[in-house]
Amino acid sequence: MGSSAADRARLEEIEVEVLNLQRSIGILRAEEKQVKKRLNSRYYPVLTLPNELVSEIFLHFLPEYPRCPPMCGGLSPITLTQICRSWREIAICMTFRLHIYY
């Protein structure tokens, strides 16, 4: 068991390290805010397409019947749900048109 003086010294080291980490977190949060602001200010024309047109594009993404779409990977229908919130909502709403055969 260490002495009280050693424990106080170690506690001070820990407190200094915590303060340094809190400063680093503050800097990272500020940078994160700026990056999010830049991303949110970008214009994505594909997001202005009508949902019906996006649905048609999704259907062309899939292989024609009787071929089955892959269950995982970049060519899986699940990929469409991972692009953005809008695409996820469209893909979920059209699941009745997306056939997955086992």
# chains A, B, ... in the order shown; residues from 1 in each chain; ligands from 1
>>> select_by_dssp(residues="chain A", states="helix (DSSP H, G or I)", output="VMD selection string")
chain A and resid 4 to 41 45 to 48 51 to 61 77 to 82 85 to 93 95 to 97
>>> residues_around(residues="A:Ile90", least_positions_apart="4", cutoff="8 Å", atoms="only C-alpha atoms", output="VMD selection string")
chain A and resid 51 54 to 55 86 94
>>> write_last_selection(atoms="C-alpha atoms", output="PDB file, in the first residue's frame")
ATOM      1  CA  ASN A  51     -40.106   8.861 -54.169  1.00  0.00           C
ATOM      2  CA  VAL A  54     -36.357   6.477 -56.522  1.00  0.00           C
ATOM      3  CA  SER A  55     -38.502   3.345 -56.075  1.00  0.00           C
ATOM      4  CA  SER A  86     -34.864   9.048 -47.004  1.00  0.00           C
ATOM      5  CA  MET A  94     -41.692  -0.726 -50.987  1.00  0.00           C
TER       6      MET A  94
END
>>> atom_distance(atom1="atom CA of A:Thr79", atom2="atom CA of A:Leu47")
16.5 Å
>>> atom_distance(atom1="atom CA of A:Ile14", atom2="atom CA of A:Leu28")
20.7 Å
